[in-house]
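Heads up, the thing below is written out as structure tokens.
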Amino acid sequence: METILHVFFNLEVMKQALPIVAAAFPVSLIFGFGGFLLAIPGGLTLAFMKMARYRLLRWPATVYVDVVRGTPLALQILILYFGLPFLPIYNVIAAPLSGIDVLGINATVYLRGLLILSLNSSAYLCEIFRAGIQSIPRGQMEAARSLGLSLPRSMAFVILPQTVRRILPTMMSEFILLFKDTALLASVAVMEMTLASKIIAGRVFNQSSYVVAACFYLLLTIPLGRLVSYMENRLAESEGDAA
């Protein structure tokens with residue numbers, strides 16, 4: 001027991017790690033929130049493509065979602081982080097950012113990380129949006145069209161608001177997963193919390209810094225997890241009252 005406490009809960013190492021991991025916490029937040037916000041329009045677009053009548057739209061979206069959901073995010077990070085600079089369009093976007101640093105990290109690193117995380121999360125949000133839209137009774141769309149609304153306006157003002165209300169708990173669960181997955185960026189030397197704690201652990205030959213990093217993740221994931229449970233219960237109650 002004493003050995004476990006020394007290896008994982010060494011107070012001296014934890015005091016040393018606390019300011020360093022805390023400085024990396026905003027980096028993880030930027031990747032988590034930024035990647036998720038970019039993934040929302042991407043996931044919604046993919047959902048509409050998968051529900052389209054035309055195979056030319058359905059097939060590319062289906063292949064994309066299957067490939068992304070069927071491969072590990074760690075592997076996607078390794079491929080895309082080093083592969084994106086070979087794309088001309090990426091270099092055009094990244095060129096103005098090359099001289100900008102945010103929290104000691106070059107802005108192009110943020111660009112690559114955010115793109116990778118958003119491309120991954122959009123595949124999962126696609127299925128969340130698609131399931132939510134298809135759960136709305138068809139009569140809602142028919143009623144909106146009978147009132148003279150166009151298809152896009154019916155979707156924007158009638159279907160999507162109801163969809164978001166139903167899928168919000170699931171979307172927040174996806175965000176929690178994405179925020180935790182930002183730790184995988186350590187594999188490409190992005191200085192977020194996991195890499196910061198790994199450097200300390202390697203320097204002092206002690207694992208207590210990892211516990212400090214875990215506590216910072218829990219600062220966000222536990223309250224959000226409780227909020228998801230609350231929202232799910234409220235949704236179940238409202239659906240029961242409506243029935």
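If you're wondering about the labels, chains in the structure tokens are A, B, ... by order shown, residues count from 1 in each chain, ligands from 1 in order shown.
Using only C-alpha atoms, the residues found no farther than 12 Å from Ile199 of chain A, other than those of its own chain fewer than 2 positions away, are Gln16, Ala17, Ile20, Val21, Ala186, Ala189, Val190, Met191, Glu192, Met193, Thr194, Leu195, Ala196, Ser197, Ala201, Gly202, Arg203, Val204, Phe205, Asn206, Gln207, Ser208, Ser209, Tyr210 and Ala213 of chain A.
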Since we have the selection now, will you write its residues out, keeping N, CA and C atoms, as a short mmCIF file (atom, residue, chain, number, x, y, z; two decimals), in the first residue's frame?
```
data_model
loop_
_atom_site.label_atom_id
_atom_site.label_comp_id
_atom_site.auth_asym_id
_atom_site.auth_seq_id
_atom_site.Cartn_x
_atom_site.Cartn_y
_atom_site.Cartn_z
N GLN A 16 4.46 19.68 -7.71
CA GLN A 16 5.29 20.10 -8.85
C GLN A 16 4.49 20.04 -10.15
N ALA A 17 3.64 19.03 -10.29
CA ALA A 17 2.88 18.83 -11.53
C ALA A 17 1.69 19.78 -11.65
N ILE A 20 1.96 22.95 -13.87
CA ILE A 20 2.29 22.60 -15.26
C ILE A 20 1.07 22.00 -15.96
N VAL A 21 0.38 21.09 -15.29
CA VAL A 21 -0.83 20.50 -15.87
C VAL A 21 -1.94 21.54 -15.98
N ALA A 186 -1.45 13.71 -27.48
CA ALA A 186 -0.10 13.57 -26.93
C ALA A 186 0.78 12.70 -27.83
N ALA A 189 2.82 14.87 -29.98
CA ALA A 189 3.58 15.89 -29.24
C ALA A 189 2.85 17.22 -29.09
N VAL A 190 1.52 17.18 -29.02
CA VAL A 190 0.75 18.38 -28.70
C VAL A 190 0.74 18.54 -27.18
N MET A 191 1.16 19.68 -26.68
CA MET A 191 1.35 19.87 -25.26
C MET A 191 0.03 20.14 -24.55
N GLU A 192 -0.81 19.09 -24.47
CA GLU A 192 -2.02 19.17 -23.66
C GLU A 192 -1.73 18.47 -22.33
N MET A 193 -2.76 18.23 -21.53
CA MET A 193 -2.54 17.78 -20.16
C MET A 193 -1.84 16.43 -20.06
N THR A 194 -2.21 15.50 -20.92
CA THR A 194 -1.62 14.17 -20.83
C THR A 194 -0.13 14.19 -21.14
N LEU A 195 0.25 14.93 -22.18
CA LEU A 195 1.67 15.01 -22.52
C LEU A 195 2.45 15.75 -21.43
N ALA A 196 1.85 16.80 -20.88
CA ALA A 196 2.52 17.54 -19.81
C ALA A 196 2.78 16.63 -18.61
N SER A 197 1.79 15.83 -18.25
CA SER A 197 1.97 14.93 -17.11
C SER A 197 2.95 13.81 -17.46
N ALA A 201 6.29 12.78 -15.40
CA ALA A 201 6.45 11.40 -14.94
C ALA A 201 7.78 10.82 -15.41
N GLY A 202 8.17 11.13 -16.63
CA GLY A 202 9.44 10.63 -17.14
C GLY A 202 10.64 11.28 -16.49
N ARG A 203 10.46 12.51 -16.03
CA ARG A 203 11.57 13.23 -15.41
C ARG A 203 11.83 12.79 -13.97
N VAL A 204 10.75 12.49 -13.23
CA VAL A 204 10.91 12.14 -11.80
C VAL A 204 10.69 10.66 -11.54
N PHE A 205 10.40 9.90 -12.60
CA PHE A 205 10.15 8.46 -12.47
C PHE A 205 9.06 8.16 -11.44
N ASN A 206 7.94 8.91 -11.59
CA ASN A 206 6.81 8.75 -10.68
C ASN A 206 5.54 9.05 -11.46
N GLN A 207 4.44 8.33 -11.15
CA GLN A 207 3.21 8.44 -11.92
C GLN A 207 2.19 9.40 -11.32
N SER A 208 2.55 10.12 -10.28
CA SER A 208 1.58 10.98 -9.60
C SER A 208 1.06 12.11 -10.49
N SER A 209 1.85 12.54 -11.44
CA SER A 209 1.40 13.61 -12.34
C SER A 209 0.21 13.17 -13.18
N TYR A 210 0.12 11.88 -13.48
CA TYR A 210 -1.03 11.39 -14.23
C TYR A 210 -2.31 11.52 -13.42
N ALA A 213 -3.49 15.07 -13.72
CA ALA A 213 -4.16 15.26 -15.01
C ALA A 213 -5.56 14.67 -14.98
#
```
Considering only C-alpha atoms, return as a ChimeraX atom specification whatever protein or nucleic-acid residues lie within 12 Å of Ala107 of chain A, sequence-local ones (same chain, fewer than 5 positions apart) excluded.
/A:27,30-31,93-102,112-114,190
Take the residues that were just selected and, keeping all heavy atoms, output them as a short mmCIF file (atom, residue, chain, number, x, y, z; two decimals), in the first residue's frame.
```cif
data_model
loop_
_atom_site.label_atom_id
_atom_site.label_comp_id
_atom_site.auth_asym_id
_atom_site.auth_seq_id
_atom_site.Cartn_x
_atom_site.Cartn_y
_atom_site.Cartn_z
N VAL A 27 -5.44 24.36 -23.04
CA VAL A 27 -5.15 23.78 -24.36
C VAL A 27 -6.12 22.63 -24.65
O VAL A 27 -6.70 22.55 -25.74
CB VAL A 27 -3.69 23.28 -24.43
CG1 VAL A 27 -3.43 22.60 -25.76
CG2 VAL A 27 -2.72 24.43 -24.21
N ILE A 30 -9.53 24.07 -25.44
CA ILE A 30 -9.62 24.62 -26.79
C ILE A 30 -9.86 23.50 -27.81
O ILE A 30 -10.73 23.61 -28.68
CB ILE A 30 -8.34 25.41 -27.14
CG1 ILE A 30 -8.28 26.69 -26.32
CG2 ILE A 30 -8.31 25.74 -28.64
CD1 ILE A 30 -6.98 27.46 -26.48
N PHE A 31 -9.10 22.42 -27.67
CA PHE A 31 -9.28 21.31 -28.60
C PHE A 31 -10.64 20.65 -28.42
O PHE A 31 -11.28 20.28 -29.41
CB PHE A 31 -8.16 20.28 -28.41
CG PHE A 31 -6.86 20.66 -29.05
CD1 PHE A 31 -5.74 20.93 -28.28
CD2 PHE A 31 -6.76 20.76 -30.43
CE1 PHE A 31 -4.54 21.29 -28.87
CE2 PHE A 31 -5.57 21.11 -31.03
CZ PHE A 31 -4.45 21.38 -30.24
N ILE A 93 -4.73 27.63 -45.99
CA ILE A 93 -5.39 28.06 -44.75
C ILE A 93 -4.37 28.26 -43.63
O ILE A 93 -4.47 29.21 -42.84
CB ILE A 93 -6.44 27.01 -44.31
CG1 ILE A 93 -7.52 26.88 -45.39
CG2 ILE A 93 -7.06 27.40 -42.98
CD1 ILE A 93 -8.49 25.75 -45.13
N ALA A 94 -3.37 27.39 -43.58
CA ALA A 94 -2.42 27.42 -42.46
C ALA A 94 -1.36 28.50 -42.60
O ALA A 94 -0.78 28.92 -41.59
CB ALA A 94 -1.74 26.05 -42.34
N ALA A 95 -1.09 28.95 -43.80
CA ALA A 95 0.00 29.91 -44.02
C ALA A 95 -0.13 31.17 -43.16
O ALA A 95 0.85 31.58 -42.52
CB ALA A 95 0.07 30.27 -45.50
N PRO A 96 -1.31 31.82 -43.08
CA PRO A 96 -1.40 33.03 -42.25
C PRO A 96 -1.24 32.74 -40.75
O PRO A 96 -1.01 33.67 -39.97
CB PRO A 96 -2.82 33.56 -42.55
CG PRO A 96 -3.23 32.89 -43.81
CD PRO A 96 -2.57 31.56 -43.80
N LEU A 97 -1.40 31.48 -40.33
CA LEU A 97 -1.36 31.14 -38.91
C LEU A 97 0.03 30.72 -38.43
O LEU A 97 0.25 30.56 -37.23
CB LEU A 97 -2.34 29.99 -38.62
CG LEU A 97 -3.80 30.22 -39.00
CD1 LEU A 97 -4.60 28.95 -38.75
CD2 LEU A 97 -4.39 31.38 -38.22
N SER A 98 0.95 30.54 -39.36
CA SER A 98 2.25 29.96 -39.02
C SER A 98 3.04 30.80 -38.03
O SER A 98 3.83 30.27 -37.26
CB SER A 98 3.07 29.73 -40.29
OG SER A 98 3.28 30.96 -40.97
N GLY A 99 2.83 32.10 -38.01
CA GLY A 99 3.59 32.96 -37.10
C GLY A 99 2.86 33.31 -35.82
O GLY A 99 3.33 34.16 -35.06
N ILE A 100 1.74 32.66 -35.56
CA ILE A 100 0.93 32.98 -34.39
C ILE A 100 1.05 31.87 -33.35
O ILE A 100 0.94 30.69 -33.68
CB ILE A 100 -0.56 33.16 -34.78
CG1 ILE A 100 -0.70 34.27 -35.83
CG2 ILE A 100 -1.41 33.47 -33.56
CD1 ILE A 100 -2.10 34.41 -36.38
N ASP A 101 1.30 32.26 -32.10
CA ASP A 101 1.36 31.31 -31.00
C ASP A 101 0.23 31.59 -30.02
O ASP A 101 -0.06 32.75 -29.71
CB ASP A 101 2.70 31.39 -30.26
CG ASP A 101 3.83 30.78 -31.07
OD1 ASP A 101 3.55 30.09 -32.06
OD2 ASP A 101 5.00 31.01 -30.70
N VAL A 102 -0.42 30.53 -29.54
CA VAL A 102 -1.47 30.62 -28.53
C VAL A 102 -1.12 29.69 -27.39
O VAL A 102 -0.96 28.48 -27.59
CB VAL A 102 -2.85 30.24 -29.11
CG1 VAL A 102 -3.93 30.34 -28.03
CG2 VAL A 102 -3.21 31.12 -30.30
N ARG A 112 -4.54 21.80 -37.08
CA ARG A 112 -4.53 20.37 -37.40
C ARG A 112 -5.30 19.56 -36.37
O ARG A 112 -6.09 18.68 -36.72
CB ARG A 112 -3.08 19.87 -37.51
CG ARG A 112 -2.48 20.07 -38.88
CD ARG A 112 -1.14 19.39 -39.00
NE ARG A 112 -0.06 20.22 -38.46
CZ ARG A 112 1.21 19.88 -38.48
NH1 ARG A 112 1.59 18.71 -38.97
NH2 ARG A 112 2.14 20.68 -38.00
N GLY A 113 -5.08 19.85 -35.10
CA GLY A 113 -5.78 19.11 -34.05
C GLY A 113 -7.28 19.30 -34.11
O GLY A 113 -8.05 18.34 -33.97
N LEU A 114 -7.71 20.53 -34.32
CA LEU A 114 -9.15 20.81 -34.39
C LEU A 114 -9.79 20.14 -35.59
O LEU A 114 -10.90 19.60 -35.50
CB LEU A 114 -9.39 22.33 -34.44
CG LEU A 114 -9.07 23.10 -33.16
CD1 LEU A 114 -9.19 24.59 -33.40
CD2 LEU A 114 -10.00 22.68 -32.02
N VAL A 190 1.52 17.18 -29.02
CA VAL A 190 0.75 18.38 -28.70
C VAL A 190 0.74 18.54 -27.18
O VAL A 190 0.34 17.62 -26.46
CB VAL A 190 -0.69 18.29 -29.24
CG1 VAL A 190 -1.50 19.50 -28.79
CG2 VAL A 190 -0.67 18.18 -30.75
#
```
Of A:Phe216, A:Tyr64, A:Tyr230, A:Phe82, the one nearest to Pro19 of chain A when counting only C-alpha atoms is A:Phe216
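You can rank A:Val68, A:Met155, A:Met172, A:Leu29 by their closest distance to Gln140 of chain A using only C-alpha atoms, and at the top of that list sits A:Met155.
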Enumerate the residues of segment 62-187 of chain A with a DSSP assignment of alpha helix (DSSP H), computed from the backbone, and present them as a compact mmCIF listing (two decimals) with N, CA and C atoms, in the first residue's frame.
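Once everything was written out, this is part-v1.txt:
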```
# COMPACT_ATOMS: atom_id res chain seq x y z
N THR A 62 -22.04 7.74 -46.35
CA THR A 62 -22.04 6.43 -45.69
C THR A 62 -20.63 5.88 -45.58
N VAL A 63 -19.86 5.99 -46.66
CA VAL A 63 -18.48 5.50 -46.64
C VAL A 63 -17.65 6.27 -45.61
N TYR A 64 -17.82 7.59 -45.60
CA TYR A 64 -17.06 8.41 -44.65
C TYR A 64 -17.38 8.02 -43.21
N VAL A 65 -18.64 7.92 -42.89
CA VAL A 65 -19.04 7.58 -41.52
C VAL A 65 -18.55 6.19 -41.14
N ASP A 66 -18.67 5.23 -42.06
CA ASP A 66 -18.22 3.86 -41.76
C ASP A 66 -16.71 3.80 -41.52
N VAL A 67 -15.96 4.53 -42.34
CA VAL A 67 -14.50 4.51 -42.20
C VAL A 67 -14.06 5.16 -40.89
N VAL A 68 -14.63 6.32 -40.60
CA VAL A 68 -14.23 7.05 -39.39
C VAL A 68 -14.64 6.29 -38.13
N ARG A 69 -15.86 5.78 -38.11
CA ARG A 69 -16.33 5.05 -36.94
C ARG A 69 -15.67 3.68 -36.81
N LEU A 73 -9.37 6.49 -33.32
CA LEU A 73 -9.02 7.90 -33.41
C LEU A 73 -7.50 8.08 -33.33
N ALA A 74 -6.83 7.25 -32.52
CA ALA A 74 -5.37 7.37 -32.42
C ALA A 74 -4.71 7.19 -33.77
N LEU A 75 -5.22 6.27 -34.57
CA LEU A 75 -4.67 6.03 -35.91
C LEU A 75 -5.01 7.20 -36.84
N GLN A 76 -6.20 7.72 -36.73
CA GLN A 76 -6.59 8.88 -37.55
C GLN A 76 -5.70 10.08 -37.25
N ILE A 77 -5.38 10.27 -35.97
CA ILE A 77 -4.51 11.38 -35.59
C ILE A 77 -3.14 11.23 -36.23
N LEU A 78 -2.57 10.04 -36.17
CA LEU A 78 -1.24 9.82 -36.73
C LEU A 78 -1.22 10.02 -38.23
N ILE A 79 -2.29 9.59 -38.91
CA ILE A 79 -2.34 9.74 -40.37
C ILE A 79 -2.57 11.19 -40.77
N LEU A 80 -3.57 11.82 -40.18
CA LEU A 80 -3.96 13.16 -40.61
C LEU A 80 -3.02 14.24 -40.12
N TYR A 81 -2.48 14.09 -38.93
CA TYR A 81 -1.60 15.14 -38.40
C TYR A 81 -0.39 15.34 -39.30
N PHE A 82 0.15 14.23 -39.78
CA PHE A 82 1.31 14.32 -40.66
C PHE A 82 0.93 14.37 -42.14
N GLY A 83 -0.33 14.02 -42.45
CA GLY A 83 -0.76 14.01 -43.84
C GLY A 83 -1.37 15.31 -44.32
N PRO A 88 -2.74 20.93 -50.60
CA PRO A 88 -2.57 22.36 -50.92
C PRO A 88 -3.57 23.26 -50.21
N ILE A 89 -4.83 22.82 -50.10
CA ILE A 89 -5.84 23.67 -49.47
C ILE A 89 -5.53 23.91 -48.00
N TYR A 90 -4.96 22.89 -47.35
CA TYR A 90 -4.58 23.06 -45.94
C TYR A 90 -3.47 24.10 -45.83
N ASN A 91 -2.48 24.03 -46.71
CA ASN A 91 -1.37 24.97 -46.65
C ASN A 91 -1.81 26.41 -46.89
N VAL A 92 -2.82 26.58 -47.73
CA VAL A 92 -3.36 27.93 -47.97
C VAL A 92 -3.98 28.48 -46.69
N ILE A 93 -4.73 27.63 -45.99
CA ILE A 93 -5.39 28.06 -44.75
C ILE A 93 -4.37 28.26 -43.63
N ALA A 94 -3.37 27.39 -43.58
CA ALA A 94 -2.42 27.42 -42.46
C ALA A 94 -1.36 28.50 -42.60
N ALA A 107 -0.26 28.19 -33.89
CA ALA A 107 -1.66 28.10 -34.29
C ALA A 107 -1.91 27.00 -35.32
N THR A 108 -0.91 26.66 -36.11
CA THR A 108 -1.10 25.59 -37.09
C THR A 108 -1.29 24.24 -36.40
N VAL A 109 -0.70 24.07 -35.22
CA VAL A 109 -0.91 22.84 -34.45
C VAL A 109 -2.37 22.76 -34.01
N TYR A 110 -2.91 23.90 -33.55
CA TYR A 110 -4.33 23.93 -33.20
C TYR A 110 -5.19 23.60 -34.41
N LEU A 111 -4.83 24.16 -35.55
CA LEU A 111 -5.62 23.94 -36.76
C LEU A 111 -5.69 22.46 -37.10
N ARG A 112 -4.54 21.80 -37.08
CA ARG A 112 -4.53 20.37 -37.40
C ARG A 112 -5.30 19.56 -36.37
N GLY A 113 -5.08 19.85 -35.10
CA GLY A 113 -5.78 19.11 -34.05
C GLY A 113 -7.28 19.30 -34.11
N LEU A 114 -7.71 20.53 -34.32
CA LEU A 114 -9.15 20.81 -34.39
C LEU A 114 -9.79 20.14 -35.59
N LEU A 115 -9.10 20.16 -36.73
CA LEU A 115 -9.63 19.51 -37.92
C LEU A 115 -9.78 18.00 -37.70
N ILE A 116 -8.77 17.39 -37.11
CA ILE A 116 -8.81 15.95 -36.89
C ILE A 116 -9.94 15.58 -35.95
N LEU A 117 -10.05 16.28 -34.83
CA LEU A 117 -11.10 15.96 -33.85
C LEU A 117 -12.49 16.22 -34.42
N SER A 118 -12.63 17.30 -35.19
CA SER A 118 -13.95 17.60 -35.76
C SER A 118 -14.33 16.60 -36.83
N LEU A 119 -13.37 16.17 -37.64
CA LEU A 119 -13.67 15.17 -38.67
C LEU A 119 -14.10 13.85 -38.03
N ASN A 120 -13.49 13.51 -36.90
CA ASN A 120 -13.88 12.29 -36.20
C ASN A 120 -15.25 12.42 -35.56
N SER A 121 -15.46 13.51 -34.82
CA SER A 121 -16.71 13.67 -34.09
C SER A 121 -17.90 13.86 -35.02
N SER A 122 -17.68 14.46 -36.19
CA SER A 122 -18.79 14.70 -37.13
C SER A 122 -19.42 13.39 -37.59
N ALA A 123 -18.61 12.32 -37.68
CA ALA A 123 -19.16 11.02 -38.08
C ALA A 123 -20.13 10.48 -37.03
N TYR A 124 -19.82 10.70 -35.77
CA TYR A 124 -20.70 10.25 -34.69
C TYR A 124 -21.91 11.17 -34.55
N LEU A 125 -21.69 12.47 -34.69
CA LEU A 125 -22.81 13.40 -34.64
C LEU A 125 -23.77 13.18 -35.80
N CYS A 126 -23.25 12.73 -36.94
CA CYS A 126 -24.10 12.42 -38.09
C CYS A 126 -25.19 11.43 -37.70
N GLU A 127 -24.80 10.34 -37.04
CA GLU A 127 -25.78 9.33 -36.66
C GLU A 127 -26.71 9.84 -35.58
N ILE A 128 -26.19 10.70 -34.70
CA ILE A 128 -27.04 11.28 -33.65
C ILE A 128 -28.10 12.18 -34.28
N PHE A 129 -27.68 13.05 -35.21
CA PHE A 129 -28.63 13.94 -35.88
C PHE A 129 -29.63 13.13 -36.71
N ARG A 130 -29.14 12.15 -37.43
CA ARG A 130 -30.03 11.37 -38.30
C ARG A 130 -31.10 10.64 -37.48
N ALA A 131 -30.68 10.03 -36.38
CA ALA A 131 -31.64 9.34 -35.53
C ALA A 131 -32.64 10.31 -34.93
N GLY A 132 -32.15 11.49 -34.54
CA GLY A 132 -33.05 12.48 -33.95
C GLY A 132 -34.07 13.00 -34.95
N ILE A 133 -33.62 13.31 -36.16
CA ILE A 133 -34.55 13.81 -37.19
C ILE A 133 -35.59 12.75 -37.55
N GLN A 134 -35.15 11.51 -37.70
CA GLN A 134 -36.08 10.45 -38.06
C GLN A 134 -37.04 10.08 -36.93
N SER A 135 -36.72 10.50 -35.70
CA SER A 135 -37.62 10.22 -34.59
C SER A 135 -38.79 11.18 -34.52
N ARG A 138 -43.57 12.07 -38.96
CA ARG A 138 -43.63 12.61 -40.31
C ARG A 138 -44.71 13.68 -40.44
N GLY A 139 -45.74 13.58 -39.61
CA GLY A 139 -46.83 14.56 -39.66
C GLY A 139 -46.37 15.98 -39.36
N GLN A 140 -45.29 16.12 -38.60
CA GLN A 140 -44.77 17.46 -38.30
C GLN A 140 -44.31 18.16 -39.58
N MET A 141 -43.61 17.44 -40.42
CA MET A 141 -43.17 18.01 -41.69
C MET A 141 -44.35 18.29 -42.60
N GLU A 142 -45.29 17.37 -42.67
CA GLU A 142 -46.46 17.55 -43.52
C GLU A 142 -47.27 18.75 -43.07
N ALA A 143 -47.39 18.95 -41.75
CA ALA A 143 -48.13 20.10 -41.24
C ALA A 143 -47.43 21.40 -41.61
N ALA A 144 -46.10 21.41 -41.49
CA ALA A 144 -45.35 22.62 -41.82
C ALA A 144 -45.47 22.95 -43.30
N ARG A 145 -45.39 21.91 -44.16
CA ARG A 145 -45.52 22.16 -45.60
C ARG A 145 -46.92 22.62 -45.96
N SER A 146 -47.94 22.11 -45.26
CA SER A 146 -49.32 22.51 -45.55
C SER A 146 -49.57 23.97 -45.17
N LEU A 151 -39.37 23.38 -47.83
CA LEU A 151 -38.71 22.26 -47.17
C LEU A 151 -37.57 22.72 -46.26
N PRO A 152 -36.67 23.61 -46.74
CA PRO A 152 -35.60 24.07 -45.84
C PRO A 152 -36.13 24.81 -44.62
N ARG A 153 -37.16 25.65 -44.79
CA ARG A 153 -37.70 26.38 -43.65
C ARG A 153 -38.43 25.44 -42.69
N SER A 154 -39.09 24.45 -43.23
CA SER A 154 -39.76 23.47 -42.37
C SER A 154 -38.74 22.71 -41.53
N LEU A 160 -35.80 20.68 -36.83
CA LEU A 160 -34.53 20.75 -36.09
C LEU A 160 -34.67 21.20 -34.64
N PRO A 161 -35.52 22.20 -34.34
CA PRO A 161 -35.67 22.55 -32.91
C PRO A 161 -36.14 21.38 -32.05
N GLN A 162 -37.08 20.59 -32.57
CA GLN A 162 -37.53 19.42 -31.83
C GLN A 162 -36.44 18.36 -31.75
N THR A 163 -35.66 18.24 -32.84
CA THR A 163 -34.58 17.27 -32.87
C THR A 163 -33.51 17.59 -31.83
N VAL A 164 -33.10 18.86 -31.78
CA VAL A 164 -32.05 19.27 -30.85
C VAL A 164 -32.47 19.00 -29.41
N ARG A 165 -33.74 19.26 -29.12
CA ARG A 165 -34.24 19.01 -27.76
C ARG A 165 -34.11 17.54 -27.39
N ARG A 166 -34.35 16.67 -28.34
CA ARG A 166 -34.29 15.23 -28.06
C ARG A 166 -32.88 14.70 -27.98
N ILE A 167 -31.98 15.25 -28.79
CA ILE A 167 -30.65 14.67 -28.88
C ILE A 167 -29.62 15.41 -28.04
N LEU A 168 -30.01 16.49 -27.38
CA LEU A 168 -29.04 17.28 -26.61
C LEU A 168 -28.28 16.45 -25.58
N PRO A 169 -28.94 15.57 -24.81
CA PRO A 169 -28.16 14.74 -23.88
C PRO A 169 -27.13 13.86 -24.59
N THR A 170 -27.51 13.29 -25.72
CA THR A 170 -26.58 12.44 -26.47
C THR A 170 -25.44 13.26 -27.05
N MET A 171 -25.73 14.46 -27.50
CA MET A 171 -24.67 15.34 -28.00
C MET A 171 -23.68 15.69 -26.91
N MET A 172 -24.19 15.94 -25.71
CA MET A 172 -23.29 16.28 -24.61
C MET A 172 -22.43 15.08 -24.23
N SER A 173 -23.00 13.88 -24.33
CA SER A 173 -22.21 12.68 -24.08
C SER A 173 -21.09 12.54 -25.10
N GLU A 174 -21.39 12.88 -26.35
CA GLU A 174 -20.37 12.84 -27.40
C GLU A 174 -19.28 13.87 -27.12
N PHE A 175 -19.68 15.04 -26.61
CA PHE A 175 -18.67 16.04 -26.27
C PHE A 175 -17.74 15.54 -25.16
N ILE A 176 -18.31 14.89 -24.15
CA ILE A 176 -17.49 14.35 -23.06
C ILE A 176 -16.46 13.36 -23.61
N LEU A 177 -16.91 12.49 -24.52
CA LEU A 177 -15.99 11.53 -25.13
C LEU A 177 -14.90 12.24 -25.92
N LEU A 178 -15.29 13.28 -26.68
CA LEU A 178 -14.32 14.00 -27.48
C LEU A 178 -13.31 14.72 -26.60
N PHE A 179 -13.78 15.32 -25.51
CA PHE A 179 -12.87 16.02 -24.60
C PHE A 179 -11.85 15.05 -24.01
N LYS A 180 -12.29 13.88 -23.63
CA LYS A 180 -11.34 12.88 -23.11
C LYS A 180 -10.38 12.42 -24.20
N ASP A 181 -10.86 12.36 -25.44
CA ASP A 181 -10.01 11.90 -26.54
C ASP A 181 -8.94 12.91 -26.93
```
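Straight-line separation from atom CA of Ala183 of chain A to atom CA of Leu46 of chain A: 26.0 Å.
DSSP on the backbone gives strand (DSSP E) for these parts of segment 38-134 of chain A: A:Asp101, A:Val102, A:Ile105, A:Asn106.
Atom pair atom CA of Leu44 of chain A / atom CA of Ala61 of chain A has a distance of 11.1 Å (rounded to one decimal).
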